[in-house]
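run.cif follows; it contains mmCIF, C-alpha atoms.
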```cif
data_structure
#
loop_
_atom_site.label_atom_id
_atom_site.label_comp_id
_atom_site.auth_asym_id
_atom_site.auth_seq_id
_atom_site.Cartn_x
_atom_site.Cartn_y
_atom_site.Cartn_z
CA MET A 1 133.33 41.20 96.86
CA THR A 2 130.59 43.62 97.88
CA ALA A 3 132.44 45.14 100.82
CA ALA A 4 132.48 48.91 100.83
CA PRO A 5 134.21 51.22 103.31
CA THR A 6 131.75 54.08 102.72
CA GLY A 7 129.54 55.70 105.35
CA ALA A 8 126.21 54.11 106.19
CA PRO A 9 123.25 54.62 108.53
CA ASP A 10 124.24 53.81 112.07
CA ALA A 11 121.72 50.94 112.22
CA VAL A 12 123.67 48.97 109.61
CA ALA A 13 127.14 50.48 109.92
CA PRO A 14 130.03 48.10 110.69
CA PRO A 15 132.58 48.83 113.42
CA PRO A 16 135.06 51.60 112.51
CA HIS A 17 137.68 50.66 109.89
CA HIS A 18 135.76 47.54 108.85
CA PRO A 19 134.08 47.22 105.43
CA ARG A 20 130.35 47.30 104.92
CA PHE A 21 128.42 44.78 102.81
CA PRO A 22 125.51 46.85 101.50
CA LEU A 23 123.74 44.00 99.68
CA ILE A 24 123.05 42.40 103.07
CA ASP A 25 120.31 45.03 103.50
CA GLY A 26 118.45 43.47 100.58
CA VAL A 27 118.86 40.03 102.14
CA ARG A 28 117.26 41.33 105.32
CA ALA A 29 114.31 42.53 103.24
CA ILE A 30 113.87 39.06 101.74
CA ALA A 31 114.05 37.46 105.18
CA VAL A 32 111.50 39.72 106.84
CA ILE A 33 109.05 39.55 103.93
CA SER A 34 109.21 35.76 103.97
CA ILE A 35 108.37 35.82 107.70
CA VAL A 36 105.44 38.18 107.17
CA VAL A 37 104.16 35.92 104.38
CA VAL A 38 104.37 32.69 106.38
CA HIS A 39 102.62 34.23 109.39
CA SER A 40 99.92 35.67 107.13
CA ALA A 41 99.41 32.28 105.51
CA GLY A 42 99.22 30.59 108.89
CA ALA A 43 96.75 33.16 110.20
CA ALA A 44 94.53 32.60 107.16
CA ALA A 45 94.91 28.80 107.44
CA VAL A 46 95.80 28.51 103.75
CA THR A 47 98.64 26.04 104.21
CA GLY A 48 97.70 22.58 103.00
CA GLY A 49 98.45 19.84 100.54
CA SER A 50 98.36 22.05 97.44
CA LEU A 51 101.62 23.20 95.90
CA GLY A 52 100.87 26.81 96.83
CA GLY A 53 100.12 25.87 100.42
CA ARG A 54 103.31 23.83 100.70
CA LEU A 55 105.42 26.64 99.26
CA LEU A 56 103.94 29.11 101.74
CA ALA A 57 104.18 26.82 104.75
CA HIS A 58 107.97 26.83 105.10
CA LEU A 59 108.84 30.46 104.50
CA ASN A 60 109.89 30.58 108.13
CA VAL A 61 113.23 29.90 106.47
CA GLY A 62 113.53 33.66 106.83
CA VAL A 63 114.60 33.10 110.45
CA ALA A 64 117.52 31.00 109.24
CA ILE A 65 118.48 33.77 106.82
CA PHE A 66 118.54 36.29 109.67
CA PHE A 67 120.73 33.99 111.78
CA VAL A 68 123.20 33.38 108.95
CA VAL A 69 123.40 37.15 108.38
CA SER A 70 124.09 37.71 112.09
CA GLY A 71 126.79 35.06 112.10
CA PHE A 72 128.50 36.71 109.15
CA LEU A 73 128.22 40.38 110.09
CA LEU A 74 129.04 40.02 113.77
CA TYR A 75 131.91 37.55 113.44
CA ARG A 76 133.77 39.08 110.52
CA PRO A 77 135.12 42.11 112.46
CA PHE A 78 136.50 39.74 115.08
CA VAL A 79 138.52 37.62 112.62
CA ALA A 80 139.53 40.20 110.00
CA HIS A 81 142.79 41.09 111.78
CA ARG A 82 144.12 37.58 111.21
CA ALA A 83 144.30 38.31 107.50
CA GLY A 84 145.72 41.81 107.87
CA GLY A 85 142.43 43.63 108.37
CA ALA A 86 141.40 46.07 111.07
CA ASP A 87 141.69 45.24 114.74
CA PRO A 88 138.75 43.42 116.35
CA PRO A 89 136.26 45.54 118.28
CA ALA A 90 136.50 45.71 122.05
CA VAL A 91 134.03 43.33 123.67
CA SER A 92 132.58 46.21 125.70
CA ALA A 93 131.94 48.26 122.56
CA TYR A 94 130.46 45.22 120.82
CA ALA A 95 128.11 44.62 123.78
CA LYS A 96 127.01 48.25 123.80
CA ARG A 97 126.14 48.14 120.11
CA ARG A 98 124.17 44.91 120.49
CA VAL A 99 122.10 46.28 123.38
CA LEU A 100 121.29 49.47 121.50
CA ARG A 101 120.38 47.53 118.38
CA ILE A 102 117.95 45.06 119.88
CA PHE A 103 116.36 46.43 123.06
CA PRO A 104 115.00 49.97 122.48
CA ALA A 105 112.81 49.03 119.49
CA TYR A 106 111.73 45.83 121.24
CA TRP A 107 110.78 47.69 124.41
CA LEU A 108 108.75 50.18 122.36
CA ALA A 109 106.73 47.37 120.77
CA LEU A 110 106.38 45.59 124.11
CA LEU A 111 105.09 48.77 125.76
CA ALA A 112 102.64 49.47 122.95
CA PHE A 113 101.22 45.94 122.94
CA THR A 114 100.93 46.00 126.74
CA VAL A 115 99.13 49.31 127.21
CA LEU A 116 96.98 49.59 124.09
CA PRO A 117 93.46 48.13 124.48
CA GLY A 118 92.88 44.77 122.84
CA LEU A 119 96.59 43.94 122.48
CA THR A 120 98.83 41.67 124.52
CA GLY A 121 102.55 42.22 125.00
CA VAL A 122 103.28 40.84 128.46
CA TYR A 123 101.59 37.46 128.77
CA ALA A 124 100.47 35.81 132.02
CA GLY A 125 101.96 38.67 134.05
CA HIS A 126 105.56 37.62 133.43
CA TRP A 127 106.71 41.12 132.57
CA LEU A 128 110.29 40.79 133.85
CA ALA A 129 111.07 37.84 131.57
CA GLN A 130 109.54 39.71 128.63
CA VAL A 131 111.46 42.91 129.32
CA GLY A 132 114.71 40.99 129.74
CA LEU A 133 114.09 38.98 126.57
CA VAL A 134 114.60 35.65 128.30
CA GLN A 135 111.02 34.36 128.06
CA THR A 136 111.84 31.12 126.24
CA LEU A 137 114.85 30.10 128.30
CA PRO A 138 114.41 27.22 130.79
CA ALA A 139 114.75 29.50 133.83
CA ALA A 140 111.92 31.79 132.70
CA PRO A 141 108.45 31.35 134.24
CA MET A 142 105.81 29.56 132.22
CA PRO A 143 103.52 30.03 130.43
CA SER A 144 105.18 32.70 128.34
CA CYS A 145 104.23 34.90 125.42
CA THR A 146 105.79 32.55 122.92
CA THR A 147 103.86 29.52 124.20
CA ALA A 148 100.57 31.22 123.30
CA PRO A 149 100.97 32.32 119.67
CA GLN A 150 97.28 33.18 119.22
CA SER A 151 97.07 35.06 122.53
CA CYS A 152 100.24 37.17 122.50
CA ASP A 153 101.18 39.74 119.90
CA LEU A 154 104.93 39.19 120.35
CA ALA A 155 104.97 35.40 120.11
CA GLN A 156 107.48 35.58 117.26
CA THR A 157 110.14 36.98 119.60
CA TRP A 158 111.39 33.51 120.51
CA SER A 159 113.97 34.08 117.79
CA LEU A 160 115.11 37.31 119.46
CA VAL A 161 115.92 35.29 122.57
CA VAL A 162 118.05 33.00 120.40
CA GLU A 163 119.69 36.03 118.79
CA ALA A 164 120.44 37.57 122.19
CA THR A 165 122.11 34.37 123.40
CA PHE A 166 124.23 34.40 120.24
CA TYR A 167 125.36 37.91 121.12
CA LEU A 168 126.54 36.58 124.47
CA LEU A 169 128.22 33.43 123.16
CA LEU A 170 130.03 34.94 120.16
CA PRO A 171 132.83 36.68 122.14
CA VAL A 172 133.40 33.46 124.07
CA PHE A 173 133.84 31.48 120.86
CA TRP A 174 136.14 34.19 119.50
CA LEU A 175 138.35 34.21 122.60
CA VAL A 176 138.76 30.43 122.41
CA SER A 177 139.45 30.71 118.69
CA GLU A 178 142.07 33.39 119.33
CA ARG A 179 143.95 31.07 121.66
CA LEU A 180 144.08 28.41 118.96
CA TYR A 181 144.99 30.92 116.28
CA ARG A 182 148.02 32.19 118.16
CA ALA A 183 149.33 28.65 118.55
CA LEU A 184 149.16 27.90 114.80
CA ARG A 185 151.64 28.55 112.05
CA PRO A 186 150.70 31.39 109.69
CA GLY A 187 148.17 30.37 107.08
CA ARG A 188 146.80 27.43 109.07
CA TRP A 189 144.10 29.28 110.99
CA VAL A 190 141.45 29.26 108.24
CA GLY A 191 141.23 25.48 107.99
CA VAL A 192 141.24 25.06 111.75
CA GLU A 193 138.58 27.76 112.11
CA LEU A 194 136.28 26.12 109.57
CA LEU A 195 136.84 22.72 111.17
CA GLY A 196 135.92 24.17 114.56
CA LEU A 197 132.74 25.66 113.15
CA ALA A 198 131.85 22.35 111.51
CA CYS A 199 132.30 20.58 114.86
CA LEU A 200 130.15 23.21 116.56
CA ALA A 201 127.40 22.69 113.97
CA ALA A 202 127.57 18.90 114.32
CA VAL A 203 127.40 19.02 118.12
CA SER A 204 124.46 21.43 117.85
CA LEU A 205 122.54 19.06 115.58
CA VAL A 206 123.19 16.04 117.78
CA ALA A 207 122.25 17.84 120.99
CA THR A 208 119.15 19.45 119.52
CA PHE A 209 117.64 16.50 117.69
CA SER A 210 118.68 13.55 119.85
CA ASN A 211 116.12 11.78 121.99
CA ALA A 212 118.04 12.58 125.16
CA ASP A 213 116.63 14.93 127.79
CA GLY A 214 118.07 16.98 130.63
CA TRP A 215 118.48 20.54 131.81
CA VAL A 216 121.68 21.05 129.83
CA LEU A 217 119.96 20.04 126.59
CA ASP A 218 117.01 22.28 127.47
CA TRP A 219 119.38 25.24 127.58
CA VAL A 220 121.05 24.18 124.34
CA ARG A 221 117.77 23.83 122.47
CA SER A 222 116.38 27.17 123.60
CA SER A 223 119.53 29.18 122.87
CA ALA A 224 121.81 29.93 119.95
CA LEU A 225 123.55 26.60 120.58
CA GLY A 226 120.46 24.84 119.26
CA TYR A 227 120.78 26.75 115.99
CA GLY A 228 124.54 26.38 115.76
CA LEU A 229 124.46 25.19 112.15
CA TRP A 230 122.84 28.40 110.94
CA PHE A 231 125.16 30.70 112.85
CA ALA A 232 128.17 28.57 111.85
CA PHE A 233 127.34 29.01 108.17
CA GLY A 234 127.47 32.78 108.59
CA MET A 235 130.65 32.64 110.65
CA GLY A 236 132.26 30.38 108.05
CA MET A 237 131.46 32.91 105.34
CA ALA A 238 132.97 35.61 107.55
CA THR A 239 136.17 33.59 107.85
CA ILE A 240 136.48 33.03 104.10
CA SER A 241 135.53 36.62 103.30
CA ALA A 242 138.14 38.00 105.69
CA THR A 243 140.98 36.15 103.96
CA GLY A 244 140.24 37.49 100.49
CA ASN A 245 142.29 34.56 99.21
CA THR A 246 140.90 32.98 96.04
CA SER A 247 143.50 30.22 96.03
CA THR A 248 141.72 28.30 98.80
CA ARG A 249 138.78 25.98 98.36
CA GLY A 250 136.59 28.72 99.72
CA GLY A 251 138.09 31.01 97.12
CA THR A 252 137.09 28.56 94.40
CA VAL A 253 133.48 28.89 95.53
CA VAL A 254 133.81 32.66 95.52
CA ALA A 255 135.17 32.60 91.97
CA ALA A 256 132.29 30.36 90.85
CA ILE A 257 129.75 32.80 92.28
CA ALA A 258 131.46 35.67 90.47
CA LYS A 259 131.16 33.82 87.15
CA ARG A 260 127.62 32.52 87.69
CA PRO A 261 125.96 34.94 90.14
CA TRP A 262 122.49 33.38 89.84
CA LEU A 263 123.71 29.87 90.68
CA PRO A 264 123.32 30.12 94.50
CA TRP A 265 119.77 31.44 94.25
CA LEU A 266 118.79 28.82 91.69
CA ALA A 267 120.17 26.12 93.97
CA ALA A 268 118.31 27.65 96.94
CA ALA A 269 115.05 27.67 94.99
CA ALA A 270 115.47 24.04 93.92
CA LEU A 271 116.30 22.96 97.45
CA TYR A 272 113.33 24.86 98.86
CA LEU A 273 110.96 23.32 96.31
CA GLY A 274 112.16 19.81 97.14
CA LEU A 275 111.86 20.52 100.86
CA ALA A 276 108.34 21.92 100.52
CA LEU A 277 107.22 18.85 98.58
CA ASP A 278 108.75 16.47 101.11
CA LEU A 279 107.83 18.03 104.46
CA PRO A 280 104.33 18.18 105.94
CA PRO A 281 102.56 21.33 104.70
CA THR A 282 102.85 23.23 107.97
CA ALA A 283 105.43 25.37 109.70
CA PHE A 284 104.91 23.35 112.90
CA LEU A 285 106.88 20.12 112.56
CA PHE A 286 106.50 17.53 115.31
CA ASN A 287 108.44 14.59 113.86
CA ARG A 288 112.10 14.80 114.92
CA GLY A 289 113.30 13.55 111.56
CA ASP A 290 111.35 16.29 109.78
CA GLN A 291 112.76 18.85 112.19
CA LEU A 292 116.32 17.71 111.53
CA LEU A 293 115.79 17.78 107.77
CA ALA A 294 114.28 21.26 107.92
CA ASN A 295 117.10 22.56 110.11
CA ILE A 296 119.81 21.38 107.73
CA ALA A 297 117.94 22.40 104.58
CA PHE A 298 116.99 25.81 105.98
CA GLY A 299 120.63 26.44 106.84
CA LEU A 300 121.78 25.52 103.33
CA ILE A 301 119.05 27.62 101.72
CA ALA A 302 119.95 30.60 103.90
CA LEU A 303 123.64 30.17 103.07
CA LEU A 304 122.88 30.13 99.34
CA VAL A 305 120.64 33.21 99.62
CA VAL A 306 123.27 35.21 101.50
CA MET A 307 126.28 34.19 99.38
CA PRO A 308 125.69 36.66 96.51
CA ALA A 309 125.43 39.51 99.01
CA VAL A 310 128.86 38.63 100.39
CA PHE A 311 130.77 37.41 97.36
CA GLY A 312 128.77 38.81 94.43
CA ALA A 313 128.72 42.21 92.75
CA PRO A 314 126.05 44.92 93.16
CA GLY A 315 125.31 45.21 89.46
CA ARG A 316 125.25 41.53 88.52
CA GLY A 317 122.77 38.74 89.07
CA PRO A 318 121.02 38.86 92.46
CA GLY A 319 123.02 41.99 93.25
CA ARG A 320 120.64 43.95 91.03
CA ILE A 321 117.72 42.96 93.25
CA LEU A 322 119.52 43.19 96.57
CA GLY A 323 120.97 46.58 95.72
CA ALA A 324 117.67 48.16 94.67
CA PRO A 325 116.78 51.24 96.78
CA ALA A 326 113.46 49.73 97.89
CA ALA A 327 115.14 46.53 99.04
CA ALA A 328 117.84 48.47 100.89
CA TRP A 329 115.25 50.61 102.68
CA LEU A 330 113.13 47.64 103.71
CA GLY A 331 116.27 45.99 105.02
CA LEU A 332 117.03 49.12 107.01
CA ILE A 333 113.67 48.97 108.81
CA SER A 334 113.38 45.17 108.78
CA TYR A 335 113.77 44.82 112.55
CA GLY A 336 110.73 46.99 113.14
CA MET A 337 108.76 45.03 110.54
CA PHE A 338 109.62 41.84 112.36
CA LEU A 339 108.45 43.27 115.68
CA TRP A 340 105.18 44.80 114.44
CA HIS A 341 103.85 42.50 111.72
CA TYR A 342 102.62 39.62 113.87
CA VAL A 343 99.93 41.62 115.63
CA PHE A 344 98.23 42.27 112.29
CA THR A 345 98.20 38.60 111.33
CA VAL A 346 96.82 37.54 114.72
CA LYS A 347 94.04 40.11 114.83
CA LEU A 348 92.98 39.66 111.21
CA GLY A 349 93.31 35.87 110.87
CA THR A 350 91.11 32.93 111.73
CA GLY A 351 91.33 33.61 115.45
CA GLY A 352 90.30 37.23 114.94
CA ALA A 353 88.50 38.91 112.05
CA GLY A 354 88.70 35.84 109.83
CA TRP A 355 90.18 37.58 106.79
CA GLY A 356 91.72 35.73 103.85
CA PHE A 357 95.39 35.38 103.03
CA VAL A 358 95.76 38.20 100.49
CA PRO A 359 94.09 40.95 102.57
CA ILE A 360 95.92 39.82 105.72
CA LEU A 361 99.24 39.90 103.88
CA ALA A 362 98.51 43.31 102.36
CA VAL A 363 97.56 44.89 105.69
CA ALA A 364 100.38 43.13 107.58
CA LEU A 365 102.95 44.42 105.10
CA ALA A 366 101.53 47.95 104.94
CA GLY A 367 100.94 48.18 108.68
CA SER A 368 104.30 46.77 109.71
CA ILE A 369 106.16 48.95 107.23
CA ALA A 370 104.40 52.05 108.57
CA CYS A 371 105.04 51.10 112.22
CA ALA A 372 108.62 50.12 111.46
CA ALA A 373 109.28 53.42 109.71
CA VAL A 374 108.00 55.36 112.73
CA SER A 375 110.02 53.14 115.08
CA TYR A 376 113.17 53.58 113.01
CA TYR A 377 113.06 57.32 112.41
CA ALA A 378 111.64 58.33 115.79
CA LEU A 379 113.55 55.92 118.05
CA GLU A 380 116.04 53.53 116.47
CA ARG A 381 117.99 56.00 114.37
CA PRO A 382 118.52 58.53 117.20
CA VAL A 383 119.41 55.78 119.69
CA LEU A 384 121.74 54.00 117.31
CA ARG A 385 123.78 57.15 116.89
CA LEU A 386 125.10 56.25 120.32
CA LYS A 387 126.68 53.08 118.86
CA TYR A 388 129.72 55.08 117.85
CA SER A 389 131.44 58.22 119.00
CA ALA A 390 131.67 61.27 116.74
CA ARG A 391 135.28 60.29 116.00
CA ASP A 392 134.20 56.79 114.98
CA ARG A 393 131.58 58.15 112.59
CA THR A 394 134.20 60.42 111.03
CA THR A 395 136.50 57.48 110.33
CA ARG A 396 133.70 55.66 108.51
CA ARG A 397 133.21 58.39 105.93
#
```
Represent the structure from my file as structure tokens, please.
Amino acid sequence: MTAAPTGAPDAVAPPPHHPRFPLIDGVRAIAVISIVVVHSAGAAAVTGGSLGGRLLAHLNVGVAIFFVVSGFLLYRPFVAHRAGGADPPAVSAYAKRRVLRIFPAYWLALLAFTVLPGLTGVYAGHWLAQVGLVQTLPAAPMPSCTTAPQSCDLAQTWSLVVEATFYLLLPVFWLVSERLYRALRPGRWVGVELLGLACLAAVSLVATFSNADGWVLDWVRSSALGYGLWFAFGMGMATISATGNTSTRGGTVVAAIAKRPWLPWLAAAALYLGLALDLPPTAFLFNRGDQLLANIAFGLIALLVVMPAVFGAPGRGPGRILGAPAAAWLGLISYGMFLWHYVFTVKLGTGGAGWGFVPILAVALAGSIACAAVSYYALERPVLRLKYSARDRTTRR
């Protein structure tokens, strides 16, 4: 296990008395770099039938990695007490931390892209939906920033809307799960929990990719419910991790990862290669069957990528890469990179300056890293100190 009770920057620190999984920072770095790469490739129009184009076209799998990470990190503190761990966080404290984590940095980027000449943050005058991060939900006015990817410099924030709805729905799922847990005999909750998550994932897939229509399905498809498989994978890992019991089937998987730490990443690479060769060479899939396949495969790939960060060791296999200082630092500022990179790809790509893939990628990486570093050290780090009281920070050391 990679859990560590040591102190950490407030941006990535777990709730008091809960362990930290430092290799997750390296996973965040992989996720955000993959997103920068796929948007750079799309902006340069290099995706196509060649093997290189196909491999680049589906690196939006980074979004699935982020969602699996969120499912794991946010759910684990809620279920740890069932296996003798620390008490779950208060819902009010959890909500406070989520607001501080997502909104200040987002509002900074939104303000910059709105007031700076030549940039577009608020699209079509719908500033309230943008500020509230609800622009892709059915009740939001249209058109929105995310419906005009070449005209709005925050079009990628559709996934932040999904993330925000997950923040809202997670305590609800936990409260329901707690009711079931208290009615079970000791030791039975893990299987029931995993079964519940499997049902949630199955319902999500059916609702999202069926041919049915209606306002309820519109809300499902635009919220975290539409990506239930990805979040469920992370929450399932949280459940298994919290038990620390290697005698279960989940424990058998954990033991296999400990013996062969590269196996999950090799499996993820093979699955991604097969997916890239099978799917159309574009990140925009219009066939419902292709969308379903990508959703399931992306979830599995993300699960395999995250596994070594949860169940592996820092000095072995992928842990050597994920634990590298550069990877950890990029993971620390990854949220800012996500917010700031897209503007570079839009302005430099085929709809703007017409640059090629390599120079767009180089500038997008350098520019987003620089902007993210300023955002983190000037805004995010000071604000995120409010996540915990001084007493809480003392208990983490």
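With atom CA of A:Gly312 on one side and atom CA of A:Ser34 on the other, the separation reads 22.0 Å.
With distances restricted to all atoms listed in the file, A:Gly349 is the closest residue to A:Ser40 from A:Pro22, A:Gly125, A:Gly349, A:Gly228.
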| field | Given all atoms listed in the file as the counted atoms, nearest of A:Gly236, A:Gly244, A:Gly62, A:Gly336 to A:Ile35 | value |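 Of the candidates, the smallest distance to A:Ile35 is held by A:Gly62.
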Go through stretch 71-130 of chain A residue by residue and, counting only C-alpha atoms, keep those with an atom at most 12 Å from stretch 143-166 of chain A; for each kept residue give the shortest atom pair and its distance in Å to one decimal, ordered by chain and increasing number, as JSON lines.
```
{"residue": "A:Gly71", "atom": "CA", "partner": "A:Phe166", "partner_atom": "CA", "distance": 8.6}
{"residue": "A:Leu74", "atom": "CA", "partner": "A:Phe166", "partner_atom": "CA", "distance": 9.8}
{"residue": "A:Tyr75", "atom": "CA", "partner": "A:Phe166", "partner_atom": "CA", "distance": 10.7}
{"residue": "A:Ala95", "atom": "CA", "partner": "A:Ala164", "partner_atom": "CA", "distance": 10.5}
{"residue": "A:Arg98", "atom": "CA", "partner": "A:Ala164", "partner_atom": "CA", "distance": 8.4}
{"residue": "A:Val99", "atom": "CA", "partner": "A:Ala164", "partner_atom": "CA", "distance": 8.9}
{"residue": "A:Leu100", "atom": "CA", "partner": "A:Ala164", "partner_atom": "CA", "distance": 12.0}
{"residue": "A:Arg101", "atom": "CA", "partner": "A:Ala164", "partner_atom": "CA", "distance": 10.7}
{"residue": "A:Ile102", "atom": "CA", "partner": "A:Ala164", "partner_atom": "CA", "distance": 8.2}
{"residue": "A:Phe103", "atom": "CA", "partner": "A:Ala164", "partner_atom": "CA", "distance": 9.8}
{"residue": "A:Ala105", "atom": "CA", "partner": "A:Leu160", "partner_atom": "CA", "distance": 11.9}
{"residue": "A:Tyr106", "atom": "CA", "partner": "A:Thr157", "partner_atom": "CA", "distance": 9.1}
{"residue": "A:Trp107", "atom": "CA", "partner": "A:Leu154", "partner_atom": "CA", "distance": 11.1}
{"residue": "A:Leu108", "atom": "CA", "partner": "A:Leu154", "partner_atom": "CA", "distance": 11.8}
{"residue": "A:Ala109", "atom": "CA", "partner": "A:Leu154", "partner_atom": "CA", "distance": 8.4}
{"residue": "A:Leu110", "atom": "CA", "partner": "A:Leu154", "partner_atom": "CA", "distance": 7.6}
{"residue": "A:Leu111", "atom": "CA", "partner": "A:Leu154", "partner_atom": "CA", "distance": 11.0}
{"residue": "A:Ala112", "atom": "CA", "partner": "A:Asp153", "partner_atom": "CA", "distance": 10.3}
{"residue": "A:Phe113", "atom": "CA", "partner": "A:Asp153", "partner_atom": "CA", "distance": 6.9}
{"residue": "A:Thr114", "atom": "CA", "partner": "A:Asp153", "partner_atom": "CA", "distance": 9.3}
{"residue": "A:Leu116", "atom": "CA", "partner": "A:Asp153", "partner_atom": "CA", "distance": 11.5}
{"residue": "A:Gly118", "atom": "CA", "partner": "A:Asp153", "partner_atom": "CA", "distance": 10.1}
{"residue": "A:Leu119", "atom": "CA", "partner": "A:Asp153", "partner_atom": "CA", "distance": 6.7}
{"residue": "A:Thr120", "atom": "CA", "partner": "A:Cys152", "partner_atom": "CA", "distance": 5.1}
{"residue": "A:Gly121", "atom": "CA", "partner": "A:Asp153", "partner_atom": "CA", "distance": 5.8}
{"residue": "A:Val122", "atom": "CA", "partner": "A:Cys145", "partner_atom": "CA", "distance": 6.7}
{"residue": "A:Tyr123", "atom": "CA", "partner": "A:Cys145", "partner_atom": "CA", "distance": 5.0}
{"residue": "A:Ala124", "atom": "CA", "partner": "A:Pro143", "partner_atom": "CA", "distance": 6.7}
{"residue": "A:Gly125", "atom": "CA", "partner": "A:Ser144", "partner_atom": "CA", "distance": 8.9}
{"residue": "A:His126", "atom": "CA", "partner": "A:Ser144", "partner_atom": "CA", "distance": 7.1}
{"residue": "A:Trp127", "atom": "CA", "partner": "A:Ser144", "partner_atom": "CA", "distance": 9.5}
{"residue": "A:Leu128", "atom": "CA", "partner": "A:Ser144", "partner_atom": "CA", "distance": 11.0}
{"residue": "A:Ala129", "atom": "CA", "partner": "A:Ser144", "partner_atom": "CA", "distance": 8.5}
{"residue": "A:Gln130", "atom": "CA", "partner": "A:Cys145", "partner_atom": "CA", "distance": 7.9}
```
Output for the residues just chosen: C-alpha atoms as a compact mmCIF listing (two decimals), keeping the file's coordinate frame:
```txt
# COMPACT_ATOMS: atom_id res chain seq x y z
CA GLY A 71 126.79 35.06 112.10
CA LEU A 74 129.04 40.02 113.77
CA TYR A 75 131.91 37.55 113.44
CA ALA A 95 128.11 44.62 123.78
CA ARG A 98 124.17 44.91 120.49
CA VAL A 99 122.10 46.28 123.38
CA LEU A 100 121.29 49.47 121.50
CA ARG A 101 120.38 47.53 118.38
CA ILE A 102 117.95 45.06 119.88
CA PHE A 103 116.36 46.43 123.06
CA ALA A 105 112.81 49.03 119.49
CA TYR A 106 111.73 45.83 121.24
CA TRP A 107 110.78 47.69 124.41
CA LEU A 108 108.75 50.18 122.36
CA ALA A 109 106.73 47.37 120.77
CA LEU A 110 106.38 45.59 124.11
CA LEU A 111 105.09 48.77 125.76
CA ALA A 112 102.64 49.47 122.95
CA PHE A 113 101.22 45.94 122.94
CA THR A 114 100.93 46.00 126.74
CA LEU A 116 96.98 49.59 124.09
CA GLY A 118 92.88 44.77 122.84
CA LEU A 119 96.59 43.94 122.48
CA THR A 120 98.83 41.67 124.52
CA GLY A 121 102.55 42.22 125.00
CA VAL A 122 103.28 40.84 128.46
CA TYR A 123 101.59 37.46 128.77
CA ALA A 124 100.47 35.81 132.02
CA GLY A 125 101.96 38.67 134.05
CA HIS A 126 105.56 37.62 133.43
CA TRP A 127 106.71 41.12 132.57
CA LEU A 128 110.29 40.79 133.85
CA ALA A 129 111.07 37.84 131.57
CA GLN A 130 109.54 39.71 128.63
```
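One distance worth recording is that between atom CA of A:Val346 and atom CA of A:Ala43, which is 6.3 Å.
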| task | Just give me the gap between atom CA of A:Val254 and atom CA of A:Ile30 in Å, one decimal is fine. | result | 21.8 Å
| In terms of the shortest atom-to-atom distance over all atoms listed in the file, which of A:Leu133, A:Val27, A:Leu169, A:Leu293 is closest to A:Leu275? |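 Residue with the minimum atom-to-atom distance to A:Leu275: A:Leu293.
You can rank A:Pro89, A:Gly331, A:Gly367, A:Gly274 by their closest distance to A:Ala294 using only C-alpha atoms, and at the top of that list sits A:Gly274.
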| Near stretch 265-272 of chain A, within 12 Å and counting only C-alpha atoms, which residues show up once chain neighbours fewer than 6 positions away are dropped, as a count of residues only? | 36
| query | So which one's closest to A:Thr208, A:Leu285, A:Leu292, A:Leu194, A:Leu348? Using only C-alpha atoms, please. | reply | A:Leu292
Sort by chain and increasing residue number a table of all residues of stretch 219-239 of chain A within 10 Å of stretch 198-204 of chain A, each with its closest pair of atoms and their distance in Å to one decimal, counting all atoms listed in the file, and write it as a tab-separated table.
```
residue	atom	partner	partner_atom	distance
A:Val220	CA	A:Ser204	CA	7.8
A:Arg221	CA	A:Ser204	CA	8.5
A:Ala224	CA	A:Ser204	CA	9.1
A:Leu225	CA	A:Ser204	CA	5.9
A:Gly226	CA	A:Ser204	CA	5.4
A:Tyr227	CA	A:Ser204	CA	6.7
A:Gly228	CA	A:Ala201	CA	5.0
A:Leu229	CA	A:Ala201	CA	4.3
A:Trp230	CA	A:Ala201	CA	7.9
A:Phe231	CA	A:Ala201	CA	8.4
A:Ala232	CA	A:Ala201	CA	6.3
A:Phe233	CA	A:Ala201	CA	8.6
A:Gly236	CA	A:Ala198	CA	8.8
```
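Among the candidate residues A:Lys387, A:Arg320, A:Arg182, A:Lys96, the one lying nearest to A:Leu168 is A:Lys96, with distances computed using only C-alpha atoms.
Residues surrounding A:Ala83 within 10 Å are Val79, Ala80, Ala86, Pro186, Gly187, Trp189, Val190, Thr239, Ser241, Ala242, Thr243, Gly244 and Asn245 of chain A [only C-alpha atoms; sequence separation below 3 positions excluded].
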| request: Show which residues sit within 9 Å of A:Pro14, as a list of chain:residue names. Count all atoms listed in the file, and ignore same-chain residues fewer than 5 positions away. | output: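 Here the answer would be A:Ala8, A:Pro19, A:Arg20, A:Phe21, A:Leu73, A:Leu74, A:Pro77, A:Arg396.
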